[in-house]
Amino acid sequence: MEQQYKRAEIRDAINSLLAFGALPYAALLLLDAFEAGFGATDTIQTLGWIAKACLAIVVLVCVVMIVRKWRAGGTRAEAAEIESYSTSLLFRSATVSWGLTLVILAIMDNRYRSLLEVMGVPFSRTGDVTAALMLIVFSLAYFGSTFLSNRAEARAARL
Amino acid sequence: MTVPLQNRIRVFRAEHRMSQSDLAKAIGVSRKTISTIEVGRFVPSTVIALKIARYFKVSVEEIFSLAEPT
């Protein structure tokens, strides 16, 4: 069970990294879209490099974690059996981001395209902006719920 | 109708002088999973509930119960 506990902890850390990694990836998509509209300004390029560096660090740490999880042993069936709050939260956040993005797109309808035009984003980059929106909502939903659960734990610990 | 799931994990942990990490290690889940079950933010699967009950050598009903609807 000790090994399974280790794998569960590592899986939780990987889940948090995935949720965090969604933010620099969303930033890259948005910056690409703005670059297509405004051209490669210094600010966009600098922010792009920062986002790429963050994403590279996340990917690197993720790979290290996956190797550690693999080294912790156990079969694939055992790994799939591990249930965790973090994994359920990750799936719930994905569902929330998917649903909320659809609702936003449905409500805004043609205004979405107009808004992007005002922001200087070409129509061909609508997909990038939409994907970025989904990733941001996904990450915020994950960390928002994590914050609420941490607060509930702290409150329970005080009792 | 949502009926909140109550649990007495904290009580059993205290009786066994265990931390959340100790219980997590004993049943093979993460500490966060145990703490979120304890505060009622995560409804555990039947497998986890049975593992916790088996560890404390009691029935699932002694640990988990449904709150009376108000």
# chains A, B, ... in the order shown; residues from 1 in each chain; ligands from 1
>>> closest_atom_pairs(of="chain B", to="chain A", cutoff="9 Å", atoms="only C-alpha atoms", output="tab-separated table")
residue	atom	partner	partner_atom	distance
B:Ala24	CA	A:Tyr5	CA	6.5
B:Lys25	CA	A:Tyr5	CA	5.1
B:Ala26	CA	A:Met1	CA	6.0
B:Ile27	CA	A:Met1	CA	6.1
B:Gly28	CA	A:Tyr5	CA	4.2
B:Val29	CA	A:Tyr5	CA	5.0
B:Ser30	CA	A:Glu9	CA	5.0
B:Arg31	CA	A:Glu9	CA	7.4
B:Lys32	CA	A:Tyr85	CA	7.0
B:Thr33	CA	A:Tyr85	CA	5.0
B:Ile34	CA	A:Tyr85	CA	8.5
B:Ser35	CA	A:Glu153	CA	6.8
B:Thr36	CA	A:Ser149	CA	6.7
B:Ile37	CA	A:Tyr85	CA	8.3
B:Glu38	CA	A:Glu153	CA	8.4
B:Val39	CA	A:Glu153	CA	6.3
B:Gly40	CA	A:Ala152	CA	8.9
B:Arg41	CA	A:Ser149	CA	6.7
B:Phe42	CA	A:Tyr85	CA	6.1
B:Val43	CA	A:Tyr85	CA	8.6
B:Pro44	CA	A:Tyr85	CA	8.4
B:Ser45	CA	A:Glu83	CA	7.9
B:Ile48	CA	A:Glu83	CA	7.9
>>> write_last_selection(atoms="C-alpha atoms", output="PDB file, in the first residue's frame")
ATOM      1  CA  ALA B  24      -3.647   7.350   3.253  1.00  0.00           C
ATOM      2  CA  LYS B  25      -0.607   5.042   3.288  1.00  0.00           C
ATOM      3  CA  ALA B  26      -2.643   2.252   4.854  1.00  0.00           C
ATOM      4  CA  ILE B  27      -5.286   2.231   2.136  1.00  0.00           C
ATOM      5  CA  GLY B  28      -3.156   3.426  -0.801  1.00  0.00           C
ATOM      6  CA  VAL B  29      -4.632   6.827  -1.643  1.00  0.00           C
ATOM      7  CA  SER B  30      -3.227  10.350  -1.404  1.00  0.00           C
ATOM      8  CA  ARG B  31      -3.426  12.410   1.797  1.00  0.00           C
ATOM      9  CA  LYS B  32      -5.500  15.008  -0.034  1.00  0.00           C
ATOM     10  CA  THR B  33      -8.089  12.354  -0.857  1.00  0.00           C
ATOM     11  CA  ILE B  34      -8.448  11.458   2.834  1.00  0.00           C
ATOM     12  CA  SER B  35      -8.633  15.089   3.947  1.00  0.00           C
ATOM     13  CA  THR B  36     -11.268  15.991   1.352  1.00  0.00           C
ATOM     14  CA  ILE B  37     -13.362  12.943   2.302  1.00  0.00           C
ATOM     15  CA  GLU B  38     -13.129  14.001   5.949  1.00  0.00           C
ATOM     16  CA  VAL B  39     -14.381  17.527   5.295  1.00  0.00           C
ATOM     17  CA  GLY B  40     -17.114  16.253   2.966  1.00  0.00           C
ATOM     18  CA  ARG B  41     -15.807  17.752  -0.269  1.00  0.00           C
ATOM     19  CA  PHE B  42     -15.174  14.386  -1.916  1.00  0.00           C
ATOM     20  CA  VAL B  43     -17.640  11.521  -1.875  1.00  0.00           C
ATOM     21  CA  PRO B  44     -15.493   8.393  -1.880  1.00  0.00           C
ATOM     22  CA  SER B  45     -16.158   5.421  -4.118  1.00  0.00           C
ATOM     23  CA  ILE B  48     -12.361   3.491  -0.826  1.00  0.00           C
TER      24      ILE B  48
END
>>> residues_around(residues="A:Met119", least_positions_apart="2", cutoff="12 Å", atoms="only C-alpha atoms", output="ChimeraX atom specification")
/A:30,33-38,112-117,121-123,125-126,129
>>> write_last_selection(atoms="all heavy atoms", output="short mmCIF file (atom, residue, chain, number, x, y, z; two decimals), in the first residue's frame")
data_model
loop_
_atom_site.label_atom_id
_atom_site.label_comp_id
_atom_site.auth_asym_id
_atom_site.auth_seq_id
_atom_site.Cartn_x
_atom_site.Cartn_y
_atom_site.Cartn_z
N LEU A 30 -3.08 32.73 -26.98
CA LEU A 30 -3.58 34.10 -27.06
C LEU A 30 -2.53 35.01 -27.71
O LEU A 30 -2.86 35.85 -28.56
CB LEU A 30 -3.92 34.63 -25.65
CG LEU A 30 -5.24 34.16 -25.05
CD1 LEU A 30 -5.40 34.70 -23.64
CD2 LEU A 30 -6.43 34.59 -25.91
N ALA A 33 -2.42 34.56 -31.35
CA ALA A 33 -3.56 35.22 -31.99
C ALA A 33 -3.33 36.72 -32.08
O ALA A 33 -3.59 37.34 -33.12
CB ALA A 33 -4.83 34.92 -31.20
N PHE A 34 -2.82 37.31 -31.00
CA PHE A 34 -2.56 38.76 -31.00
C PHE A 34 -1.42 39.11 -31.96
O PHE A 34 -1.44 40.16 -32.59
CB PHE A 34 -2.25 39.26 -29.59
CG PHE A 34 -3.47 39.38 -28.73
CD1 PHE A 34 -3.57 38.71 -27.52
CD2 PHE A 34 -4.55 40.15 -29.14
CE1 PHE A 34 -4.71 38.81 -26.73
CE2 PHE A 34 -5.70 40.27 -28.36
CZ PHE A 34 -5.78 39.59 -27.16
N GLU A 35 -0.44 38.21 -32.05
CA GLU A 35 0.69 38.45 -32.96
C GLU A 35 0.20 38.50 -34.42
O GLU A 35 0.68 39.31 -35.21
CB GLU A 35 1.74 37.35 -32.78
CG GLU A 35 3.08 37.70 -33.41
CD GLU A 35 4.14 36.64 -33.15
OE1 GLU A 35 4.32 36.24 -31.99
OE2 GLU A 35 4.77 36.21 -34.13
N ALA A 36 -0.78 37.63 -34.71
CA ALA A 36 -1.35 37.62 -36.07
C ALA A 36 -2.07 38.92 -36.36
O ALA A 36 -2.13 39.37 -37.52
CB ALA A 36 -2.29 36.43 -36.22
N GLY A 37 -2.61 39.55 -35.31
CA GLY A 37 -3.36 40.80 -35.50
C GLY A 37 -2.49 42.04 -35.43
O GLY A 37 -2.61 42.95 -36.27
N PHE A 38 -1.60 42.07 -34.46
CA PHE A 38 -0.80 43.28 -34.23
C PHE A 38 0.62 43.21 -34.75
O PHE A 38 1.35 44.20 -34.72
CB PHE A 38 -0.73 43.58 -32.72
CG PHE A 38 -2.06 43.90 -32.10
CD1 PHE A 38 -2.66 43.02 -31.22
CD2 PHE A 38 -2.71 45.09 -32.41
CE1 PHE A 38 -3.88 43.31 -30.65
CE2 PHE A 38 -3.93 45.38 -31.82
CZ PHE A 38 -4.53 44.48 -30.95
N TYR A 112 -19.17 37.50 -30.58
CA TYR A 112 -17.85 36.93 -30.30
C TYR A 112 -16.87 37.34 -31.41
O TYR A 112 -15.76 37.79 -31.14
CB TYR A 112 -17.98 35.41 -30.23
CG TYR A 112 -16.73 34.68 -29.80
CD1 TYR A 112 -16.14 34.92 -28.56
CD2 TYR A 112 -16.13 33.74 -30.63
CE1 TYR A 112 -15.00 34.24 -28.16
CE2 TYR A 112 -14.99 33.05 -30.23
CZ TYR A 112 -14.44 33.30 -28.99
OH TYR A 112 -13.31 32.63 -28.60
N ARG A 113 -17.36 37.20 -32.66
CA ARG A 113 -16.50 37.56 -33.80
C ARG A 113 -16.21 39.07 -33.79
O ARG A 113 -15.08 39.49 -34.01
CB ARG A 113 -17.18 37.16 -35.11
CG ARG A 113 -16.22 37.09 -36.27
CD ARG A 113 -16.93 36.81 -37.57
NE ARG A 113 -17.60 35.52 -37.58
CZ ARG A 113 -18.30 35.06 -38.62
NH1 ARG A 113 -18.44 35.82 -39.70
NH2 ARG A 113 -18.85 33.89 -38.59
N SER A 114 -17.26 39.86 -33.50
CA SER A 114 -17.08 41.32 -33.46
C SER A 114 -16.08 41.71 -32.37
O SER A 114 -15.22 42.57 -32.57
CB SER A 114 -18.40 42.02 -33.16
OG SER A 114 -19.41 41.50 -33.95
N LEU A 115 -16.19 41.03 -31.21
CA LEU A 115 -15.31 41.33 -30.08
C LEU A 115 -13.85 41.04 -30.47
O LEU A 115 -12.95 41.82 -30.17
CB LEU A 115 -15.71 40.49 -28.86
CG LEU A 115 -14.92 40.74 -27.59
CD1 LEU A 115 -15.27 42.10 -26.99
CD2 LEU A 115 -15.22 39.65 -26.55
N LEU A 116 -13.65 39.92 -31.15
CA LEU A 116 -12.30 39.56 -31.57
C LEU A 116 -11.75 40.57 -32.57
O LEU A 116 -10.57 40.91 -32.54
CB LEU A 116 -12.27 38.14 -32.17
CG LEU A 116 -12.53 37.00 -31.19
CD1 LEU A 116 -12.48 35.65 -31.90
CD2 LEU A 116 -11.53 37.00 -30.05
N GLU A 117 -12.64 41.06 -33.46
CA GLU A 117 -12.22 42.07 -34.43
C GLU A 117 -11.78 43.34 -33.72
O GLU A 117 -10.77 43.94 -34.07
CB GLU A 117 -13.36 42.37 -35.42
CG GLU A 117 -13.42 41.36 -36.56
CD GLU A 117 -14.69 41.51 -37.40
OE1 GLU A 117 -15.40 42.52 -37.22
OE2 GLU A 117 -14.95 40.61 -38.20
N VAL A 121 -7.90 40.61 -33.27
CA VAL A 121 -7.58 39.20 -33.57
C VAL A 121 -8.25 38.80 -34.88
O VAL A 121 -9.47 38.95 -35.03
CB VAL A 121 -8.09 38.29 -32.41
CG1 VAL A 121 -7.85 36.83 -32.74
CG2 VAL A 121 -7.41 38.67 -31.11
N PRO A 122 -7.48 38.30 -35.86
CA PRO A 122 -8.09 37.90 -37.12
C PRO A 122 -9.01 36.69 -36.95
O PRO A 122 -8.81 35.88 -36.03
CB PRO A 122 -6.89 37.55 -38.01
CG PRO A 122 -5.72 37.47 -37.13
CD PRO A 122 -6.03 38.14 -35.85
N PHE A 123 -10.01 36.59 -37.84
CA PHE A 123 -11.01 35.51 -37.73
C PHE A 123 -10.36 34.13 -37.76
O PHE A 123 -10.83 33.20 -37.09
CB PHE A 123 -12.03 35.66 -38.87
CG PHE A 123 -13.07 34.58 -38.85
CD1 PHE A 123 -13.97 34.48 -37.79
CD2 PHE A 123 -13.15 33.66 -39.88
CE1 PHE A 123 -14.93 33.48 -37.76
CE2 PHE A 123 -14.11 32.65 -39.85
CZ PHE A 123 -15.00 32.57 -38.80
N ARG A 125 -7.93 33.12 -36.31
CA ARG A 125 -7.38 32.74 -34.99
C ARG A 125 -8.47 32.56 -33.92
O ARG A 125 -8.16 32.48 -32.74
CB ARG A 125 -6.39 33.80 -34.51
CG ARG A 125 -5.16 33.92 -35.39
CD ARG A 125 -4.34 32.66 -35.30
NE ARG A 125 -3.14 32.76 -36.12
CZ ARG A 125 -2.01 32.19 -35.81
NH1 ARG A 125 -1.92 31.47 -34.72
NH2 ARG A 125 -0.97 32.31 -36.59
N THR A 126 -9.73 32.50 -34.36
CA THR A 126 -10.84 32.33 -33.42
C THR A 126 -10.68 31.04 -32.60
O THR A 126 -10.93 31.01 -31.41
CB THR A 126 -12.19 32.29 -34.18
OG1 THR A 126 -12.23 33.41 -35.04
CG2 THR A 126 -13.36 32.35 -33.23
N VAL A 129 -8.20 31.42 -29.73
CA VAL A 129 -8.75 32.19 -28.61
C VAL A 129 -9.75 31.34 -27.82
O VAL A 129 -9.76 31.34 -26.58
CB VAL A 129 -9.41 33.50 -29.10
CG1 VAL A 129 -10.05 34.27 -27.95
CG2 VAL A 129 -8.38 34.38 -29.80
#
>>> atom_distance(atom1="atom CA of A:Pro24", atom2="atom CA of A:Leu47")
9.8 Å
>>> atom_distance(atom1="atom CA of B:Thr46", atom2="atom CA of B:Ile63")
12.4 Å
>>> atom_distance(atom1="atom CA of B:Leu23", atom2="atom CA of A:Val63")
28.2 Å
>>> select_by_dssp(residues="chain B", states="helix (DSSP H, G or I)", output="JSON, numbers by chain")
{"B": [9, 10, 11, 12, 13, 14, 15, 20, 21, 22, 23, 24, 25, 26, 27, 31, 32, 33, 34, 35, 36, 37, 38, 46, 47, 48, 49, 50, 51, 52, 53, 54, 55, 56, 60, 61, 62, 63]}
>>> residues_around(residues="B:Glu62", least_positions_apart="3", cutoff="12 Å", atoms="only C-alpha atoms", output="list in words")
Gln6, Asn7, Arg8, Ile9, Val11, Phe12, Ala49, Leu50, Ile52, Ala53, Arg54, Phe56, Lys57, Val58, Ser59, Ser65 and Leu66 of chain B
>>> residues_around(residues="A:Ile136", least_positions_apart="4", cutoff="9 Å", atoms="only C-alpha atoms", output="PyMOL selection string")
chain A and resi 22-23+26-27+97+131-132+140-141
>>> write_last_selection(atoms="N, CA, C and O atoms", output="compact mmCIF listing (two decimals), in the first residue's frame")
# COMPACT_ATOMS: atom_id res chain seq x y z
N ALA A 22 -1.84 24.45 -18.14
CA ALA A 22 -2.87 24.97 -19.06
C ALA A 22 -2.76 26.49 -19.21
O ALA A 22 -3.07 27.04 -20.27
N LEU A 23 -2.29 27.16 -18.15
CA LEU A 23 -2.22 28.64 -18.18
C LEU A 23 -1.16 29.17 -19.15
O LEU A 23 -1.48 29.99 -20.02
N ALA A 26 -2.34 28.45 -22.62
CA ALA A 26 -3.39 29.38 -23.03
C ALA A 26 -2.77 30.73 -23.41
O ALA A 26 -3.17 31.36 -24.40
N ALA A 27 -1.78 31.15 -22.62
CA ALA A 27 -1.11 32.43 -22.91
C ALA A 27 -0.43 32.38 -24.29
O ALA A 27 -0.51 33.34 -25.06
N SER A 97 -15.13 23.60 -17.96
CA SER A 97 -14.55 24.48 -18.98
C SER A 97 -15.21 24.25 -20.33
O SER A 97 -15.50 25.18 -21.07
N ALA A 131 -9.82 28.04 -27.63
CA ALA A 131 -9.07 27.01 -26.89
C ALA A 131 -8.41 27.61 -25.66
O ALA A 131 -8.41 27.00 -24.58
N ALA A 132 -7.89 28.82 -25.80
CA ALA A 132 -7.25 29.50 -24.66
C ALA A 132 -8.28 29.77 -23.56
O ALA A 132 -8.00 29.55 -22.38
N LEU A 140 -8.66 27.63 -13.81
CA LEU A 140 -9.28 28.38 -12.71
C LEU A 140 -10.25 27.51 -11.92
O LEU A 140 -10.31 27.60 -10.69
N ALA A 141 -11.01 26.65 -12.65
CA ALA A 141 -11.96 25.76 -11.96
C ALA A 141 -11.20 24.80 -11.05
O ALA A 141 -11.61 24.56 -9.90
>>> closest_residue(among="A:Val137, A:Gly73, A:Asp32, A:Asn15", to="A:Ser124", atoms="only C-alpha atoms")
A:Asp32
>>> residues_around(residues="A:Val64", least_positions_apart="4", cutoff="12 Å", atoms="only C-alpha atoms", output="PyMOL selection string")
chain A and resi 10-11+13-14+17+57-60+68-71
>>> decode(residues="stretch 12-49 of chain B", atoms="C-alpha atoms", output="short mmCIF file (atom, residue, chain, number, x, y, z; two decimals), in the first residue's frame")
data_model
loop_
_atom_site.label_atom_id
_atom_site.label_comp_id
_atom_site.auth_asym_id
_atom_site.auth_seq_id
_atom_site.Cartn_x
_atom_site.Cartn_y
_atom_site.Cartn_z
CA PHE B 12 -11.59 6.77 14.12
CA ARG B 13 -8.22 8.32 13.25
CA ALA B 14 -8.05 9.94 16.66
CA GLU B 15 -8.92 6.64 18.37
CA HIS B 16 -6.13 4.91 16.45
CA ARG B 17 -3.77 7.90 16.91
CA MET B 18 -3.28 8.17 13.18
CA SER B 19 -2.56 11.13 10.94
CA GLN B 20 -4.27 11.59 7.57
CA SER B 21 -1.02 10.51 5.90
CA ASP B 22 -0.91 7.29 7.95
CA LEU B 23 -4.44 6.38 6.86
CA ALA B 24 -3.65 7.35 3.25
CA LYS B 25 -0.61 5.04 3.29
CA ALA B 26 -2.64 2.25 4.85
CA ILE B 27 -5.29 2.23 2.14
CA GLY B 28 -3.16 3.43 -0.80
CA VAL B 29 -4.63 6.83 -1.64
CA SER B 30 -3.23 10.35 -1.40
CA ARG B 31 -3.43 12.41 1.80
CA LYS B 32 -5.50 15.01 -0.03
CA THR B 33 -8.09 12.35 -0.86
CA ILE B 34 -8.45 11.46 2.83
CA SER B 35 -8.63 15.09 3.95
CA THR B 36 -11.27 15.99 1.35
CA ILE B 37 -13.36 12.94 2.30
CA GLU B 38 -13.13 14.00 5.95
CA VAL B 39 -14.38 17.53 5.30
CA GLY B 40 -17.11 16.25 2.97
CA ARG B 41 -15.81 17.75 -0.27
CA PHE B 42 -15.17 14.39 -1.92
CA VAL B 43 -17.64 11.52 -1.88
CA PRO B 44 -15.49 8.39 -1.88
CA SER B 45 -16.16 5.42 -4.12
CA THR B 46 -17.46 2.21 -2.62
CA VAL B 47 -13.96 0.72 -2.92
CA ILE B 48 -12.36 3.49 -0.83
CA ALA B 49 -15.21 3.38 1.72
#
